[in-house]
Every structure is written in structure tokens, then in C-alpha cells.
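Notes follow once the structure below has been shown.
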Amino acid sequence: MDCVIIGGGVAGMRAVLSFRRQWPDKTITLIDTEKEIGYYRTLLPQFMNRTLPENKLFFWQQQDDPRVRVISGVTVESIDRKNRTLFLSNRDSVQYRRLLIASGGRPIVPAVCRTAGGEGIYPVRSLAVARAARDWLPDHPQVVILGGGLVGVKTAAHLAGYNISVTLVEKEKQLLPQALSKEASALVEAELREKKIRLLLGSTVEDLRFNRGALSGVRANGAWISCQTLFVAAGSLPEVAFLSDSGLLQDGRLEVAASLQTSDENIFAAGDAVTIVDNGAFTPWTWPQAMVQGSLAAANLYAPTMSSLRCLSRVNAMNLNGLSLAVIGLPVAGAKRSVYSRPEAGIFRELYHVDGRIVGGALLGDISNAGRLHSLMVSSEPAGTDFNELLRPRLDSFAGTTSCCVKYNRRATLLSEGA
Amino acid sequence: MKVIAVHLDRCTGCKTCELYCATERGSNGKTLLRAVQERPLPQARVRVEGSNEVPVAMQCRQCRQAPCLDACLTGALRRDGESGVVVIQENNCIGCWTCTLFCPYGVIYPWPQRKIALKCDRCVYMEVPVCVDVCPTKALELIDVDQYEDLLRVKRAETAADLQRKNRLDGALLLDLVERAGS
């Protein structure tokens, strides 16, 4: 087999699609633990609240393509690099010429949740779990979400309001601590409170209680909260245990160069499984990064001259059920900070810059121009001195001309027909 | 491939292109009066950027190597085979906005109310792009991309000649335009 890809998440799927386009004569095998592949993991919250039908979750169906072989519902247990062979959980083996590891991550489940063993606990990661939670939720609408990162916040934002009461528990004093500044995070917190979500910041789940094998309560900050469903969104760790005897791991990490090549010239890696070493160690585990890395790794697999990943930031964009959010890069300590804020309109935009170059930032409420700002950051080009102009949102088309209507949300009904 | 070019010296920043684009391409009512009453508000695919002194109408550059196409997993963004224009199929767009993050010109706009991304498709299925048709100063022009360099050469020559007339040769020398003006 010309190429084998481990993992059917976004990095793996993107690699399959790019590889087929770039190397149309080569064969490819995709191996994934899940039985269903080619779905949007980022849309699982909308699927769980039933606003998104299951058929809309899938972006890829295995076509009648003799050059793509899919082995699903099977895990890779070990790898023999000398003979370029993978050993699978179904006792089969697969040989490769080039290998791309895009095995993704596995959710971190705190010990208190792991040992409980009752019904109603769902780590937010896979479609199978999301489907089970979707069926469970209507009869168990009191929800606690553990973890105020991107997954936890997005899950909370999409579940609240659908006859579901949501409490979000985060151990840090702010939401999205690894992505946003405290000020930016305050806007997200206000938005979630607006949606009637209860926030317990600086707290963690200490204990669980069960009634007839089903979850009935969660203790946080010493107080019991009535709860029938617990979503665990406490982050994830790279799924690289199967590489433990391969010699590819350094201190338990799967390290790759900026070309996404591992220490083995025939093996590449992308997505949540990797640590990129390029003047420092980077773990940009986001959906857009996985897309870019999957595509780049596929291009480099057989390229005579390899390209390097230029963007190493945790770039990300999402819609928190009404609040747009774009993370261009993480807050940088010691960098200058410029801010555009219009709290009455729910807009907060900030940039971090050093010597006139953008090094990080986030846009909330209005993410227009995110692409240009991100491009300036990646290219390290001087962005000038007028950061206020750079931060200015590109307003709605009619905002400048009909300011009364837009600013005060007042429709021009007096002028409309039949008024 | 034809693209929309902007004559910087003619753009006054009047936003007529924005208003007509939003009304003609984005609204159901197709008149300005009806468009401003629609919810969500219709959005334009062209935006006037820059300062008041140097405004410029910006829309999709239809890049030959388009980063947005690489960023789109759903296939909602695709290149139209005949025209070469990058178009968005709204039905396939899931509003992940990865494309907006990777457009180096910042001309793919999120539309949160409809949970889709929005970009200029050069009105590919119309005879003339709306913005080009309505621009009162003819700052917007539909040109063949292969003629773009020729057009730039003419522009540079005009600029250099203008600078020479105004005895501002320093600027012309700085921009290496004097020889071009004579050529």
C-alpha cells in the first residue's frame, strides 16, 4: 500500500482528500477506531441539541474508489518500523510505504468520573458518545459540563435553552483560559450567563452521587448540584500509546518537524497527536490547524522537496450559538496590547504586538478581517502603527447608512408598506 | 479569467457598491428600502476598506492558489470550471469560518445570523457584476487578469508623469517610475 493513514478525524480525512487529488495513481488505506468516519466533530453539540440532523453531520462518504480502502472500528496496536508493518486489534496487519499518523487525542477523564461507573457520564469526543447523550438528554435535562475550554463552552452554548439547564464548571478563574485574555473571556462569560448558564469558575467536580446506577448529583465547591447528565470536556491528550515501543516518542511525545515528518523519514504525523518542534515546542491542537496539517502532510508524503508549516498558533474560529469567536493567536505576556471594544454591541477585538508585528489576538462578536490579521501574524510582516484601524470591524453593510435602525435595533417600520 | 479591478484614483469611498451588492445580491426585496428592513440584514460581498483619504473597494481577489479552497473541508467553496471564479455553495457551508481565518485579504465575511460565510463570486452568473455596473465614478472595472499587468504599466506611467509635472521627482525616483514613464 502506497500510503496508510491512521485516524479518520479532520486531519486524517483532509489528508485522504488532498492525497487523492495530488497523487491520483497511488493507493491509500485509512484506519480508524470509530466505525463511522468523515463527520464534523465540531458540530456534535448541535447534533446533541437536535438542531442538526444526523445526515448533515457527515461530509464524506466512502465512494466507489478502488484506490481508497477504509478499515473502520479497528485500532492500531503496534508498529514494526523495520518491516513497515502495522498490527491491528483484529489481528490483521497492514504494510505501508509512507505512513501518516493522525490518531488525534483521547479525552481526559478525571479519576472521580472514571471510577464512578454509572449512567449519565459522557466524555465529549466521538459520534457514538454524542448519539448516546442525545438519546439520554430529553429525560435527564439537568446538565453539568466539566471544563471551560473551547469544547466545554461550545457544548454549553448549544445545549442551553433547549429545555436543558446547564452548569459549567471550570477549575480556572475564567473561561477559555488557554485561548483568551481575562477581558475577552469576560464577554464570553456574559454571553453564557445571558443564556441562563450557571458558571462555577475556580471550581472542580469533587464527587458524584448516583441513584439506581444513574447520575443524580455532582459536588462542586463543597456543594451538591442536582444533575442527571455530566459532560466531561476537560481537554484531551495525544493518542500515541500504540507507539510506545516504536522509538518514535520522545518523553511520551510524538515530535515532528515543521514539515510534519517524524524522526522516521517514511512516517509523518498531523493533528492533535503531534508536538511540532521548530524553535520551540508547539501543540496547536485546533480544528483549523488539523485541516492545514492534514493537507500539508499529504503533500509532503511523496514530495521531492517538502514544505513547512508556517502557522504554529492555536488559530481557531467558531460560533458559540450567536457569539462569533476567532482566536488568531494566544495572549502573549510582555507584548503590547491594542483593544477595540463596544460592549453594548457585544464586540471585543484585541491584538498583541511586538515591534509593530502581530503575535496574537482574538476577535469576539465581530470576526471580520480575521483572515488579514492572521495573515499578517503568520508572515511576521510589520503591521504598521495604527492598530486601532486594523482592529476596526468591517461593519454590516447598512450600519453606516442606517445607523438608527442598526444601532438601536429599531426597524424602519414607519416606512414599510402597510405601516 | 476576468476579475474586478479597482482604480484607486477614482474610488471616493461612497459605498454605492456595498449598498447595491447587499441589495441586489443579498436581499429578497431587491430595493434599498426593503433591504434595510429585512432581518437578518442583507450583507454585501464587497466592502470599502482603507482610510477616508485612500478608500478602496475590496472584494475577493479570486486567487489562483486560493487558501480558502484549501481550508474548506465541506466543499462549499469550489472553483467554477468555466470562469475560474471561487464560488460558495451556501447549502454546504456549515459556518465553521475556517476560510475567513485563512483569507489573506480578509474578504471572506462571516454571516453569523445565517451561519454561513460570504464572499464575492464576481456575479459570475450575471452579465456584469453589480458593483461594476453601479459605481458612479467607474472606479470598478471588469478586466481580464492577463491584462492586469498592462493596466498597471499604464497606471505607473501616468503616475510618474503626474509627479514630474508637479516637480515631485523625489517620489518618482523613489518608486523607480521615471524610466517607465518614458518607456
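FYI, nothing fancy with the C-alpha cells labels: chains A, B, ... in order, residues from 1 per chain, ligands from 1 as they appear.
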Quiz item: Got a sec to pull out which chain B residues are within 8 Å of chain A, counting only C-alpha atoms, and send them as a PyMOL selection string?
Solution: chain B and resi 18-19+22+33-34+36-37+41-44+47+70-71+73-74+95-110+112-113+115
Self-check item: Non-local contacts of B:Asp133 (12 Å; only C-alpha atoms; under 2 positions in same chain excluded) as number ranges by chain
Solution: B: 4, 16-17, 20-21, 24, 122-123, 126-131, 135-142
Quiz prompt | Distance in Å - atom CA of A:Leu30 versus atom CA of A:Ser93 | solution =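 Answer for the atom CA of A:Leu30 to atom CA of A:Ser93 separation: 13.1 Å.
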Quiz item: Quick one, how far is atom CA of A:Ser216 from atom CA of A:Gln46?
Solution: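 About the pair atom CA of A:Ser216 and atom CA of A:Gln46: they are 24.5 Å apart.
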Quiz item: So how many Å separate atom CA of A:Ile101 and atom CA of A:Val16, to one decimal?
Solution: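 About the pair atom CA of A:Ile101 and atom CA of A:Val16: they are 12.0 Å apart.
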Quiz item: Closest to A:Glu170 among A:Thr155, A:Gln61, A:Ser203, A:Gln250, using only C-alpha atoms?
Solution: A:Ser203
Practice problem: Counting only C-alpha atoms, figure out which residue out of A:Ala179, A:Val112, A:Met48, A:Val332 gets nearest to A:Arg209. | Solution: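 When distances to A:Arg209 are compared using only C-alpha atoms, the smallest one comes from A:Val112.
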